[in-house]
Amino acid sequence: MKIGSVLAGVALLGALSACGTTNTPAATGGGAGGKVGIDHPRADSDFWNSYIKYVPQMAGELKVETLNATNSQNDVAKLVNNVQTLVGQGAKAIVMAPQDTGAIASTLQQLESKQIPVVSVDTRPDTGKVYMVVRADNRAYGTKACEFLGEKLGGKGKVVQLMGALQSVNGRDRAEAFRECMQSKFPGIQVFEEPTEWDGGKAASMLQTRLEAHPDIKGIYMHAGGVHLAPTLQVLKAKGLLVAPEDPKHVFVVSNDGIPQEFDAIRKGEIDATVSQPADLYAKYALFYAKAAMEGKTFQPGPTDHGSTIIQLPNGLEDQLPAPLVTKENVDDKNLWGNTVG
């Protein structure tokens with residue numbers, strides 16, 4: 001029995017079903033609803049700009065009232081101030097995406113003391129209570145990238161891992177999983193790790209330096225296509241390495257995000273794969289859980305009826321949404337969000 005059947009008789013966000021398993025009942029409470037305060041993490045990434053566009057669309061579909069969104073511009077101090085502003089404006093729940101997952105604990109504690117639930121999108125705060133984290137399995141991102149490159153290189157050669165910020169759980173998860181997979185499954189591949197801090201300029205500089213020292217590099221794993229794709233392609237083009245996959249000089253590239261620009265690059269043969277982070281579902285379920293929290297509903301670990309799994313965290317729950325690997329074989333799949341945006 002799904003959680004939706006446990007909540008029979010409750011009009012839960014229109015046509016959107018809730019989630020859970022046969023032994024994970026959801027409890028209803030006396031929450032009266034209210035407006036949701038939303039802070040966007042940045043506007044310098046194609047991925048996050050896509051997410052930002054989905055938020056009002058999903059709010060309309062789910063009949064969620066929202067305050068005017070703020071943007072913390074990848075600055076945790078701005079995030080703290082923005083949250084205070086949203087609470088002052090009457091927010092009864094907060095949706096955020098803290099890029100520094102270790103520095104938000106005190107703000108989460110303050111929100112908990114005020115009984116304001118928090119939904120964290122894409123990133124999982126290290127400490128501090130959250131009602132729900134809406135995220136995909138970021139360790140799976142690193143593993144999928146490792147297996148793809150390992151097979152393409154035949155288990156031998158050199159690859160560069162353009163990492164995100166390691167103070168972010170996403171950067172750590174992707175980096176650690178990629179490293180561990182390479183060490184265990186493809187020990188013949190040498191990995192160069194570059195901590196780019198989600199910065200495209202740093203990524204370009206680091207990649208160029210590595211290629212100058214090691215012109216035989218044959219693989220690149222980009223943690224975030226939204227910030228890494230354009231500079232990576234520019235460096236490869238300048239080095240004469242932006243060639244078709246069948247060309248012996250081709251450098252195999254796998255990315256994370258699933259933005260339209262990555263799909264176009266796959267079609268052109270410029271990169272080879274990406275893991276599609278569900279920007280549309282991040283927006284949809286962030287608002288879904290924010291509204292559910294204000295209505296006093298609770299959830300427990302288990303598979304959901306929207307193809308994901310809720311897991312238990314030390315400081316809350318996480319709904320791990322599906323994130324498929326996209327290659328030339330499935331890049332035109334109309335169900336991928338990157339093929340539905342203009």
# chains A, B, ... in the order shown; residues from 1 in each chain; ligands from 1

$ select_by_dssp --residues "segment 38-208 of chain A" --states "strand (DSSP E)" --output "PyMOL selection string"
chain A and resi 38-40+70-71+91-96+118-121+132-136+157-163+189-195

$ residues_around --residues "segment 40-46 of chain A" --least-positions-apart "6" --cutoff "6 Å" --atoms "only C-alpha atoms" --output "list in words"
Asn71, Ser72, Gln73, Asn74, Ala97, Gly226 and Val227 of chain A

$ atom_distance --atom1 "atom CA of Arg139 of chain A" --atom2 "atom CA of Glu176 of chain A"
7.5 Å

$ closest_atom_pairs --of "segment 35-74 of chain A" --to "segment 289-313 of chain A" --cutoff "9 Å" --atoms "only C-alpha atoms" --output "JSON lines"
{"residue": "A:Lys35", "atom": "CA", "partner": "A:Lys291", "partner_atom": "CA", "distance": 8.6}
{"residue": "A:Val36", "atom": "CA", "partner": "A:Ala290", "partner_atom": "CA", "distance": 7.0}
{"residue": "A:Leu62", "atom": "CA", "partner": "A:Lys291", "partner_atom": "CA", "distance": 8.8}
{"residue": "A:Val64", "atom": "CA", "partner": "A:Lys291", "partner_atom": "CA", "distance": 6.7}
{"residue": "A:Glu65", "atom": "CA", "partner": "A:Lys291", "partner_atom": "CA", "distance": 8.8}

$ residues_around --residues "Asp264 of chain A" --least-positions-apart "2" --cutoff "12 Å" --atoms "only C-alpha atoms" --output "JSON, numbers by chain"
{"A": [229, 230, 258, 259, 260, 261, 262, 266, 267, 268, 269, 270, 271, 272, 273, 274, 326, 327, 328, 331, 332, 338, 339]}

$ write_last_selection --atoms "N, CA and C atoms" --output "CSV table (one decimal), in the first residue's frame"
chain,number,residue,atom,x,y,z
A,229,LEU,N,31.0,22.9,-18.5
A,229,LEU,CA,30.9,22.5,-19.9
A,229,LEU,C,31.6,23.4,-20.9
A,230,ALA,N,31.2,24.7,-20.9
A,230,ALA,CA,31.7,25.6,-21.8
A,230,ALA,C,33.2,25.8,-21.7
A,258,GLY,N,22.6,17.4,-17.0
A,258,GLY,CA,21.5,17.1,-17.9
A,258,GLY,C,20.8,18.3,-18.5
A,259,ILE,N,21.6,19.4,-18.7
A,259,ILE,CA,21.1,20.6,-19.3
A,259,ILE,C,21.1,20.5,-20.8
A,260,PRO,N,20.2,21.3,-21.5
A,260,PRO,CA,20.1,21.2,-22.9
A,260,PRO,C,21.5,21.3,-23.6
A,261,GLN,N,22.4,22.2,-23.1
A,261,GLN,CA,23.7,22.4,-23.7
A,261,GLN,C,24.5,21.1,-23.7
A,262,GLU,N,24.4,20.3,-22.7
A,262,GLU,CA,25.1,19.0,-22.6
A,262,GLU,C,24.5,18.1,-23.7
A,266,ILE,N,26.5,16.2,-26.7
A,266,ILE,CA,26.5,14.8,-26.9
A,266,ILE,C,26.1,14.5,-28.4
A,267,ARG,N,25.1,15.2,-28.9
A,267,ARG,CA,24.7,15.0,-30.3
A,267,ARG,C,25.8,15.3,-31.3
A,268,LYS,N,26.5,16.3,-30.9
A,268,LYS,CA,27.6,16.8,-31.8
A,268,LYS,C,28.9,15.9,-31.6
A,269,GLY,N,28.9,15.0,-30.6
A,269,GLY,CA,30.1,14.2,-30.4
A,269,GLY,C,31.2,14.9,-29.6
A,270,GLU,N,30.8,16.1,-29.0
A,270,GLU,CA,31.8,16.8,-28.3
A,270,GLU,C,32.1,16.3,-26.9
A,271,ILE,N,31.0,15.8,-26.2
A,271,ILE,CA,31.1,15.0,-25.0
A,271,ILE,C,30.4,13.7,-25.2
A,272,ASP,N,30.5,12.8,-24.3
A,272,ASP,CA,30.0,11.5,-24.5
A,272,ASP,C,28.8,11.1,-23.6
A,273,ALA,N,28.7,11.7,-22.5
A,273,ALA,CA,27.6,11.3,-21.5
A,273,ALA,C,27.4,12.4,-20.5
A,274,THR,N,26.3,12.3,-19.8
A,274,THR,CA,26.0,13.1,-18.7
A,274,THR,C,25.0,12.4,-17.8
A,326,VAL,N,22.8,9.7,-19.5
A,326,VAL,CA,22.4,10.0,-20.9
A,326,VAL,C,23.6,9.9,-21.8
A,327,THR,N,23.4,9.2,-22.9
A,327,THR,CA,24.5,9.0,-23.9
A,327,THR,C,23.8,9.2,-25.3
A,328,LYS,N,24.6,9.0,-26.3
A,328,LYS,CA,24.0,9.3,-27.7
A,328,LYS,C,22.8,8.3,-27.9
A,331,VAL,N,19.8,10.2,-25.8
A,331,VAL,CA,19.8,11.7,-25.7
A,331,VAL,C,18.6,12.4,-26.2
A,332,ASP,N,17.9,11.7,-27.1
A,332,ASP,CA,16.7,12.3,-27.6
A,332,ASP,C,15.4,11.9,-26.9
A,338,GLY,N,15.8,17.9,-19.9
A,338,GLY,CA,16.7,18.8,-20.7
A,338,GLY,C,16.2,18.9,-22.2
A,339,ASN,N,15.2,18.0,-22.5
A,339,ASN,CA,14.6,18.0,-23.8
A,339,ASN,C,13.3,18.7,-23.8

$ residues_around --residues "Val83 of chain A" --least-positions-apart "5" --cutoff "10 Å" --atoms "only C-alpha atoms" --output "PDB file with N, CA and C atoms, in the first residue's frame"
ATOM      1  N   GLY A  37       8.868  30.274   1.765  1.00  0.00           N
ATOM      2  CA  GLY A  37       9.981  31.132   1.407  1.00  0.00           C
ATOM      3  C   GLY A  37      11.037  30.329   0.673  1.00  0.00           C
ATOM      4  N   ILE A  38      11.515  30.834  -0.443  1.00  0.00           N
ATOM      5  CA  ILE A  38      12.450  30.086  -1.297  1.00  0.00           C
ATOM      6  C   ILE A  38      13.706  30.916  -1.519  1.00  0.00           C
ATOM      7  N   ASP A  39      14.848  30.305  -1.249  1.00  0.00           N
ATOM      8  CA  ASP A  39      16.117  30.939  -1.610  1.00  0.00           C
ATOM      9  C   ASP A  39      16.794  30.102  -2.684  1.00  0.00           C
ATOM     10  N   THR A  70      14.423  34.728  -3.030  1.00  0.00           N
ATOM     11  CA  THR A  70      15.709  35.411  -2.906  1.00  0.00           C
ATOM     12  C   THR A  70      16.778  34.565  -3.591  1.00  0.00           C
ATOM     13  N   SER A  72      20.942  33.679  -2.985  1.00  0.00           N
ATOM     14  CA  SER A  72      22.095  33.865  -2.097  1.00  0.00           C
ATOM     15  C   SER A  72      23.431  33.895  -2.833  1.00  0.00           C
ATOM     16  N   LYS A  78      24.860  35.435   2.750  1.00  0.00           N
ATOM     17  CA  LYS A  78      23.660  35.957   2.100  1.00  0.00           C
ATOM     18  C   LYS A  78      22.483  35.008   2.310  1.00  0.00           C
ATOM     19  N   GLY A  88      10.863  36.885   8.321  1.00  0.00           N
ATOM     20  CA  GLY A  88      10.245  38.147   8.703  1.00  0.00           C
ATOM     21  C   GLY A  88       9.040  38.492   7.853  1.00  0.00           C
ATOM     22  N   GLN A  89       9.019  37.974   6.618  1.00  0.00           N
ATOM     23  CA  GLN A  89       7.885  38.209   5.725  1.00  0.00           C
ATOM     24  C   GLN A  89       6.757  37.208   5.932  1.00  0.00           C
ATOM     25  N   ALA A  91       7.169  33.571   6.173  1.00  0.00           N
ATOM     26  CA  ALA A  91       7.318  32.216   5.634  1.00  0.00           C
ATOM     27  C   ALA A  91       7.031  31.169   6.701  1.00  0.00           C
ATOM     28  N   ILE A  94      10.627  26.825   4.575  1.00  0.00           N
ATOM     29  CA  ILE A  94      11.730  27.361   3.796  1.00  0.00           C
ATOM     30  C   ILE A  94      12.264  26.287   2.854  1.00  0.00           C
ATOM     31  N   VAL A  95      12.468  26.671   1.592  1.00  0.00           N
ATOM     32  CA  VAL A  95      13.154  25.828   0.618  1.00  0.00           C
ATOM     33  C   VAL A  95      14.489  26.496   0.317  1.00  0.00           C
ATOM     34  N   MET A  96      15.574  25.761   0.514  1.00  0.00           N
ATOM     35  CA  MET A  96      16.896  26.314   0.276  1.00  0.00           C
ATOM     36  C   MET A  96      17.788  25.272  -0.379  1.00  0.00           C
ATOM     37  N   THR A 107      21.592  28.245  11.407  1.00  0.00           N
ATOM     38  CA  THR A 107      20.351  28.745  10.827  1.00  0.00           C
ATOM     39  C   THR A 107      19.256  27.690  10.897  1.00  0.00           C
ATOM     40  N   LEU A 108      19.622  26.434  10.636  1.00  0.00           N
ATOM     41  CA  LEU A 108      18.638  25.352  10.734  1.00  0.00           C
ATOM     42  C   LEU A 108      18.148  25.192  12.168  1.00  0.00           C
ATOM     43  N   LEU A 111      15.605  27.919  12.811  1.00  0.00           N
ATOM     44  CA  LEU A 111      14.334  27.620  12.163  1.00  0.00           C
ATOM     45  C   LEU A 111      13.581  26.523  12.910  1.00  0.00           C
TER      46      LEU A 111
END

$ closest_atom_pairs --of "segment 88-121 of chain A" --to "segment 130-138 of chain A" --cutoff "6 Å" --atoms "only C-alpha atoms" --output "CSV"
residue,atom,partner,partner_atom,distance
A:Pro117,CA,A:Tyr131,CA,5.7
A:Val118,CA,A:Val130,CA,5.1
A:Val119,CA,A:Met132,CA,5.0
A:Ser120,CA,A:Val133,CA,4.7
A:Val121,CA,A:Val134,CA,4.9

$ write_last_selection --atoms "N, CA, C and O atoms" --output "compact mmCIF listing (two decimals), in the first residue's frame"
# COMPACT_ATOMS: atom_id res chain seq x y z
N PRO A 117 9.65 24.38 9.15
CA PRO A 117 10.32 23.25 8.49
C PRO A 117 11.15 23.69 7.29
O PRO A 117 10.84 24.68 6.63
N VAL A 118 12.19 22.92 7.02
CA VAL A 118 13.12 23.23 5.93
C VAL A 118 13.19 22.08 4.95
O VAL A 118 13.34 20.91 5.34
N VAL A 119 13.09 22.39 3.68
CA VAL A 119 13.36 21.45 2.60
C VAL A 119 14.63 21.91 1.91
O VAL A 119 14.73 23.05 1.47
N SER A 120 15.62 21.02 1.85
CA SER A 120 16.90 21.35 1.20
C SER A 120 16.94 20.66 -0.16
O SER A 120 16.72 19.46 -0.26
N VAL A 121 17.23 21.44 -1.19
CA VAL A 121 17.23 20.94 -2.57
C VAL A 121 18.65 20.68 -3.05
O VAL A 121 19.52 21.55 -2.91

$ select_by_dssp --residues "segment 70-261 of chain A" --states "alpha helix (DSSP H)" --output "MDAnalysis selection string"
chainID A and resid 76:88 105:113 138:152 169:185 200:213 225:238 260:261

$ atom_distance --atom1 "atom CA of Lys152 of chain A" --atom2 "atom CA of Trp198 of chain A"
25.6 Å

$ atom_distance --atom1 "atom CA of Ala103 of chain A" --atom2 "atom CA of Ala279 of chain A"
24.0 Å

$ residues_around --residues "Asp247 of chain A" --least-positions-apart "5" --cutoff "12 Å" --atoms "only C-alpha atoms" --output "PDB file with N, CA and C atoms, in the first residue's frame"
ATOM      1  N   LYS A 218      43.001  11.068 -21.626  1.00  0.00           N
ATOM      2  CA  LYS A 218      41.955  10.585 -22.524  1.00  0.00           C
ATOM      3  C   LYS A 218      40.550  10.635 -21.934  1.00  0.00           C
ATOM      4  N   GLY A 240      43.101  21.352 -29.960  1.00  0.00           N
ATOM      5  CA  GLY A 240      42.870  20.498 -31.119  1.00  0.00           C
ATOM      6  C   GLY A 240      42.314  19.139 -30.760  1.00  0.00           C
ATOM      7  N   LEU A 241      41.657  19.063 -29.607  1.00  0.00           N
ATOM      8  CA  LEU A 241      41.151  17.777 -29.114  1.00  0.00           C
ATOM      9  C   LEU A 241      39.632  17.659 -29.184  1.00  0.00           C
ATOM     10  N   LEU A 242      38.973  18.691 -29.685  1.00  0.00           N
ATOM     11  CA  LEU A 242      37.515  18.645 -29.786  1.00  0.00           C
ATOM     12  C   LEU A 242      37.154  17.996 -31.118  1.00  0.00           C
ATOM     13  N   PHE A 252      37.344  11.442 -24.047  1.00  0.00           N
ATOM     14  CA  PHE A 252      36.009  11.072 -23.593  1.00  0.00           C
ATOM     15  C   PHE A 252      35.627  11.921 -22.383  1.00  0.00           C
ATOM     16  N   GLY A 269      28.907  15.024 -30.636  1.00  0.00           N
ATOM     17  CA  GLY A 269      30.080  14.203 -30.390  1.00  0.00           C
ATOM     18  C   GLY A 269      31.171  14.920 -29.624  1.00  0.00           C
ATOM     19  N   GLU A 270      30.842  16.079 -29.035  1.00  0.00           N
ATOM     20  CA  GLU A 270      31.835  16.847 -28.285  1.00  0.00           C
ATOM     21  C   GLU A 270      32.064  16.268 -26.888  1.00  0.00           C
TER      22      GLU A 270
END

$ decode --residues "segment 44-58 of chain A" --atoms "N, CA, C and O atoms" --output "CSV table (one decimal), in the first residue's frame"
chain,number,residue,atom,x,y,z
A,44,ASP,N,24.4,31.7,-11.8
A,44,ASP,CA,25.5,31.6,-12.8
A,44,ASP,C,25.7,30.2,-13.4
A,44,ASP,O,26.7,29.9,-13.9
A,45,SER,N,24.7,29.4,-13.3
A,45,SER,CA,24.7,28.0,-13.7
A,45,SER,C,23.5,27.7,-14.6
A,45,SER,O,22.4,28.0,-14.2
A,46,ASP,N,23.7,27.1,-15.7
A,46,ASP,CA,22.6,26.8,-16.6
A,46,ASP,C,21.6,25.8,-15.8
A,46,ASP,O,20.4,25.9,-16.0
A,47,PHE,N,22.2,24.9,-15.0
A,47,PHE,CA,21.3,24.0,-14.3
A,47,PHE,C,20.4,24.7,-13.3
A,47,PHE,O,19.2,24.6,-13.3
A,48,TRP,N,21.0,25.6,-12.5
A,48,TRP,CA,20.2,26.3,-11.5
A,48,TRP,C,19.2,27.3,-12.1
A,48,TRP,O,18.1,27.5,-11.6
A,49,ASN,N,19.6,27.9,-13.3
A,49,ASN,CA,18.7,28.8,-13.9
A,49,ASN,C,17.5,28.0,-14.4
A,49,ASN,O,16.3,28.5,-14.4
A,50,SER,N,17.7,26.8,-14.9
A,50,SER,CA,16.6,25.9,-15.3
A,50,SER,C,15.7,25.6,-14.1
A,50,SER,O,14.4,25.7,-14.2
A,51,TYR,N,16.3,25.2,-13.0
A,51,TYR,CA,15.5,25.0,-11.7
A,51,TYR,C,14.7,26.2,-11.3
A,51,TYR,O,13.5,26.1,-11.0
A,52,ILE,N,15.3,27.4,-11.4
A,52,ILE,CA,14.6,28.6,-11.0
A,52,ILE,C,13.4,28.8,-11.9
A,52,ILE,O,12.3,29.3,-11.4
A,53,LYS,N,13.5,28.5,-13.2
A,53,LYS,CA,12.3,28.7,-14.0
A,53,LYS,C,11.2,27.7,-13.7
A,53,LYS,O,10.0,28.0,-13.9
A,54,TYR,N,11.6,26.5,-13.2
A,54,TYR,CA,10.6,25.5,-12.9
A,54,TYR,C,9.8,25.8,-11.7
A,54,TYR,O,8.6,25.4,-11.5
A,55,VAL,N,10.4,26.6,-10.7
A,55,VAL,CA,9.7,26.8,-9.4
A,55,VAL,C,8.4,27.4,-9.5
A,55,VAL,O,7.4,26.9,-9.0
A,56,PRO,N,8.2,28.6,-10.2
A,56,PRO,CA,6.8,29.1,-10.3
A,56,PRO,C,5.9,28.3,-11.0
A,56,PRO,O,4.7,28.2,-10.7
A,57,GLN,N,6.4,27.5,-12.0
A,57,GLN,CA,5.5,26.6,-12.8
A,57,GLN,C,4.9,25.5,-11.8
A,57,GLN,O,3.7,25.3,-11.8
A,58,MET,N,5.9,24.9,-11.0
A,58,MET,CA,5.4,23.9,-10.1
A,58,MET,C,4.6,24.4,-9.0
A,58,MET,O,3.6,23.7,-8.5
